[in-house]
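Data first, discussion second: the structure below is written as structure tokens.
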Amino acid sequence: MTLPSEDSPLYNHPLPQIEAWLLSQGCTQDREALHCWHIQKDAWQAKLYLEEDRLTVYYLDADGSGESTQRSFKYSLSRRDIEDAIFSGP
């Protein structure tokens with residue numbers, strides 16, 4: 001599946017393409033809550049939620065305090081900007 005240009009806003013990506021992009025980044029989809037995705041990196045882990053107008057990320061225990069750090073990104077941002085922001089970690 002070919003993705004639109006990485007400079008395209010995420011809202012120009014059909015849902016199957018967004019899901020393929022998340023898979024290519026190492027995310028796994030929650031089997032019960034299909035809008036929820038998980039990612040595990042060496043230094044951090046996060047949950048991503050595909051919401052109506054934004055993608056929300058919760059970095060779990062990002063600073064070692066047991067708290068999560070939340071960031072939200074509107075689908076009007078380019079896929080590259082969202083990718084750079086999310087997958088660079090907390």
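Residues are named by chain letter and number: chains run A, B, ... in the order of the structure tokens, numbers start at 1 in each chain, and ligands are numbered from 1 in the order shown.
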* Write out as a VMD selection string the residues lying within 8 Å of region 48-55 of chain A, counting only C-alpha atoms and excluding same-chain residues fewer than 3 positions away. => chain A and resid 35 to 39 58 72 to 75
Report as a tab-separated table the residues of region 42-89 of chain A within 9 Å of region 3-26 of chain A, each with its shortest atom pair and distance in Å (one decimal), using only C-alpha atoms, ordered by chain and increasing residue number.
residue	atom	partner	partner_atom	distance
A:Asp53	CA	A:Tyr11	CA	8.7
A:Lys74	CA	A:Leu10	CA	8.3
A:Tyr75	CA	A:Leu10	CA	4.8
A:Ser76	CA	A:Pro9	CA	4.9
A:Leu77	CA	A:Pro9	CA	5.0
A:Ser78	CA	A:Pro9	CA	3.9
A:Arg79	CA	A:Glu6	CA	5.2
A:Arg80	CA	A:Glu6	CA	5.1
A:Asp81	CA	A:Asp7	CA	8.0
A:Ile82	CA	A:Leu10	CA	8.3
A:Glu83	CA	A:Gln25	CA	8.7
A:Phe87	CA	A:Gln25	CA	8.0
* To do: List every residue of region 47-87 of chain A that DSSP, applied to the backbone of this structure, places in helix (DSSP H, G or I), and write the result as a list in words.
  => Arg79, Arg80, Asp81, Ile82, Glu83, Asp84, Ala85, Ile86 and Phe87 of chain A
* To do: Work out how far apart CA of Thr56 (chain A) and CA of Asp30 (chain A) are and give it in Å to one decimal.
  =>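 CA of Thr56 (chain A) sits 14.9 Å away from CA of Asp30 (chain A).
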